[in-house]
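Here's target_29.cif, which has mmCIF, C-alpha atoms:
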data_data
#
loop_
_atom_site.group_PDB
_atom_site.id
_atom_site.type_symbol
_atom_site.label_atom_id
_atom_site.label_comp_id
_atom_site.auth_asym_id
_atom_site.auth_seq_id
_atom_site.Cartn_x
_atom_site.Cartn_y
_atom_site.Cartn_z
ATOM 1 C CA MET A 1 -19.663 -5.808 7.815
ATOM 2 C CA ASN A 2 -17.447 -8.564 6.442
ATOM 3 C CA PHE A 3 -19.529 -11.216 8.192
ATOM 4 C CA LEU A 4 -22.783 -9.811 6.808
ATOM 5 C CA ASP A 5 -21.323 -9.650 3.313
ATOM 6 C CA ILE A 6 -20.212 -13.287 3.484
ATOM 7 C CA VAL A 7 -23.605 -14.431 4.803
ATOM 8 C CA ILE A 8 -25.569 -12.456 2.214
ATOM 9 C CA THR A 9 -23.466 -13.218 -0.881
ATOM 10 C CA ARG A 10 -22.317 -16.742 0.067
ATOM 11 C CA SER A 11 -19.361 -16.272 -2.217
ATOM 12 C CA GLY A 12 -15.957 -17.873 -1.802
ATOM 13 C CA GLU A 13 -14.391 -14.802 -3.371
ATOM 14 C CA HIS A 14 -15.947 -12.545 -0.737
ATOM 15 C CA LEU A 15 -14.848 -14.959 2.006
ATOM 16 C CA ILE A 16 -11.220 -14.657 0.900
ATOM 17 C CA GLN A 17 -11.516 -10.881 0.522
ATOM 18 C CA GLY A 18 -13.102 -10.658 3.966
ATOM 19 C CA LEU A 19 -10.217 -12.588 5.517
ATOM 20 C CA ALA A 20 -7.738 -10.298 3.783
ATOM 21 C CA GLU A 21 -9.607 -7.234 5.049
ATOM 22 C CA LEU A 22 -9.692 -8.568 8.611
ATOM 23 C CA THR A 23 -5.884 -8.836 8.675
ATOM 24 C CA MET A 24 -5.549 -5.171 7.597
ATOM 25 C CA VAL A 25 -2.328 -5.945 5.709
ATOM 26 C CA PHE A 26 -3.880 -6.302 2.265
ATOM 27 C CA GLY A 27 -1.923 -3.202 1.240
ATOM 28 C CA LEU A 28 0.880 -5.692 0.522
ATOM 29 C CA LEU A 29 -1.206 -7.344 -2.192
ATOM 30 C CA PRO A 30 -0.359 -6.221 -5.720
ATOM 31 C CA ASN A 31 -4.016 -5.904 -6.751
ATOM 32 C CA ASN A 32 -5.758 -4.857 -3.569
ATOM 33 C CA GLN A 33 -9.079 -4.017 -5.213
ATOM 34 C CA LEU A 34 -11.348 -5.475 -2.554
ATOM 35 C CA ASP A 35 -15.125 -5.191 -2.897
ATOM 36 C CA VAL A 36 -16.454 -5.719 0.619
ATOM 37 C CA VAL A 37 -15.378 -2.438 2.216
ATOM 38 C CA GLY A 38 -15.503 0.499 -0.197
ATOM 39 C CA VAL A 39 -12.555 2.398 1.288
ATOM 40 C CA ALA A 40 -10.462 -0.720 1.837
ATOM 41 C CA TRP A 41 -7.577 0.573 -0.289
ATOM 42 C CA PHE A 42 -7.134 3.501 2.115
ATOM 43 C CA LEU A 43 -7.277 1.279 5.184
ATOM 44 C CA GLY A 44 -4.688 -1.040 3.639
ATOM 45 C CA VAL A 45 -2.260 1.818 2.998
ATOM 46 C CA VAL A 46 -2.796 3.349 6.448
ATOM 47 C CA PHE A 47 -2.377 0.116 8.426
ATOM 48 C CA LEU A 48 0.641 -0.884 6.368
ATOM 49 C CA PHE A 49 2.143 2.529 7.121
ATOM 50 C CA TYR A 50 1.580 2.024 10.854
ATOM 51 C CA MET A 51 3.218 -1.376 10.635
ATOM 52 C CA LEU A 52 6.221 -0.028 8.728
ATOM 53 C CA PHE A 53 6.517 3.331 10.517
ATOM 54 C CA PRO A 54 9.519 2.216 12.647
ATOM 55 C CA PHE A 55 11.317 1.248 9.428
ATOM 56 C CA PHE A 56 10.561 4.669 7.919
ATOM 57 C CA VAL A 57 11.882 6.340 11.079
ATOM 58 C CA PHE A 58 15.078 4.301 10.777
ATOM 59 C CA LEU A 59 15.421 5.334 7.113
ATOM 60 C CA CYS A 60 15.119 9.007 8.045
ATOM 61 C CA TRP A 61 17.217 8.951 11.229
ATOM 62 C CA THR A 62 19.967 11.088 9.683
ATOM 63 C CA LYS A 63 19.648 13.673 6.913
ATOM 64 C CA LYS A 64 21.965 11.772 4.586
ATOM 65 C CA ARG A 65 20.086 8.499 5.039
ATOM 66 C CA ALA A 66 16.767 10.322 4.591
ATOM 67 C CA TRP A 67 17.787 11.932 1.291
ATOM 68 C CA VAL A 68 19.218 8.648 -0.026
ATOM 69 C CA SER A 69 15.991 6.874 0.982
ATOM 70 C CA PHE A 70 13.925 9.575 -0.725
ATOM 71 C CA ILE A 71 15.898 9.275 -3.968
ATOM 72 C CA ILE A 72 15.648 5.465 -3.914
ATOM 73 C CA SER A 73 11.899 5.664 -3.264
ATOM 74 C CA ILE A 74 11.461 7.963 -6.277
ATOM 75 C CA ILE A 75 13.478 5.563 -8.459
ATOM 76 C CA LEU A 76 11.326 2.647 -7.246
ATOM 77 C CA ASN A 77 8.180 4.685 -7.866
ATOM 78 C CA VAL A 78 9.189 5.462 -11.457
ATOM 79 C CA ALA A 79 10.285 1.869 -12.083
ATOM 80 C CA CYS A 80 6.982 0.536 -10.791
ATOM 81 C CA ALA A 81 4.966 3.056 -12.792
ATOM 82 C CA ASN A 82 6.768 2.193 -16.025
ATOM 83 C CA TYR A 83 7.036 -1.575 -15.589
ATOM 84 C CA PHE A 84 5.126 -3.226 -12.747
ATOM 85 C CA TYR A 85 1.972 -1.077 -12.900
ATOM 86 C CA THR A 86 1.371 -1.925 -16.561
ATOM 87 C CA SER A 87 -1.259 -4.262 -17.970
ATOM 88 C CA LYS A 88 1.330 -7.069 -17.977
ATOM 89 C CA PHE A 89 1.150 -7.340 -14.182
ATOM 90 C CA VAL A 90 -2.065 -5.777 -12.900
ATOM 91 C CA ILE A 91 -5.775 -6.154 -13.478
ATOM 92 C CA SER A 92 -7.949 -3.589 -15.173
ATOM 93 C CA GLY A 93 -9.077 -0.798 -12.903
ATOM 94 C CA PHE A 94 -5.838 -0.925 -10.901
ATOM 95 C CA SER A 95 -4.837 2.341 -9.303
ATOM 96 C CA ASN A 96 -1.171 2.698 -8.405
ATOM 97 C CA ARG A 97 -1.968 5.070 -5.547
ATOM 98 C CA HIS A 98 -3.401 2.086 -3.669
ATOM 99 C CA THR A 99 0.069 0.628 -3.062
ATOM 100 C CA LEU A 100 2.660 1.534 -0.471
ATOM 101 C CA LEU A 101 5.450 1.702 -3.066
ATOM 102 C CA TYR A 102 3.584 4.528 -4.768
ATOM 103 C CA CYS A 103 3.025 6.327 -1.452
ATOM 104 C CA SER A 104 6.550 5.841 -0.067
ATOM 105 C CA PRO A 105 8.116 8.990 -1.626
ATOM 106 C CA PHE A 106 5.313 11.061 -0.119
ATOM 107 C CA LEU A 107 5.781 9.432 3.293
ATOM 108 C CA ILE A 108 9.545 10.003 3.253
ATOM 109 C CA LEU A 109 9.104 13.568 1.980
ATOM 110 C CA GLY A 110 6.734 14.203 4.892
ATOM 111 C CA GLU A 111 9.419 12.983 7.279
ATOM 112 C CA LEU A 112 11.997 15.216 5.588
ATOM 113 C CA ILE A 113 9.771 18.236 5.973
#
Hey, can you dump this file as structure tokens for me?
Amino acid sequence: MNFLDIVITRSGEHLIQGLAELTMVFGLLPNNQLDVVGVAWFLGVVFLFYMLFPFFVFLCWTKKRAWVSFIISIILNVACANYFYTSKFVISGFSNRHTLLYCSPFLILGELI
């Protein structure tokens, strides 16, 4: 699909987006609004989760460490929502749910449950 998009559009922008989508780690990008694959934001979050899953397991190895990690992830989530996810840093149409920092409290809460 990426190859066909690059051939049809012949756009340098789509070439770069296609390369980012092929790596499946574009969930690390601050503005991962990619056009080639419509559900790319979901794939970026999922593959980043699979990459970082061992780290999340380490964070939740004990109950104390899990609760501290959960509280820190909520603080980071609020800080990002009030500062980094503002128009000063992101493009229009940005959705904070497309980033792993936004999803991290939910991931850790799932491990706690």
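Near Leu48 in chain A, within 10 Å and counting all atoms listed in the file, sit Met24, Val25, Phe26, Gly27, Leu28, Phe42, Leu43, Gly44, Val45, Val46, Tyr50, Met51, Leu52, Phe53, Thr99 and Leu100 of chain A; same-chain residues fewer than 2 positions away were not included.
The coordinates place CA of Phe49 in chain A at 19.5 Å from CA of Val68 in chain A.
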* Find the residues with any atom within 12 Å of (11.9, 17.7, 3.3); use all atoms listed in the file and the coordinates as given in the file, and write the answer as a list in words. => Cys60, Lys63, Lys64, Ala66, Trp67, Ser69, Phe70, Ile71, Pro105, Phe106, Leu107, Ile108, Leu109, Gly110, Glu111, Leu112 and Ile113 of chain A
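For the pair CA of Cys103 in chain A and CA of Arg65 in chain A, the interatomic distance is 18.4 Å.
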* Structure fact -> Here CA of Ile75 in chain A and CA of Tyr102 in chain A stand apart by 10.6 Å
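Taking only C-alpha atoms into account, Phe56 in chain A lies nearest to A:Ser73 out of the set A:Ser73, A:Val7, A:Thr86, A:His14.
Each of A:Leu4, A:Glu21, A:Arg10, A:Ile72 was checked against Leu59 in chain A using all atoms listed in the file; the smallest atom-to-atom distance is that of A:Ile72.
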Padding of 3 Å on every side, edges along x, y and z, all listed atoms of range 65-77 of chain A included: what centre and edge lengths in Å, to one decimal, does that box have, as AutoDock Vina command-line options?
--center_x 14.1 --center_y 7.3 --center_z -1.7 --size_x 17.9 --size_y 15.3 --size_z 19.5
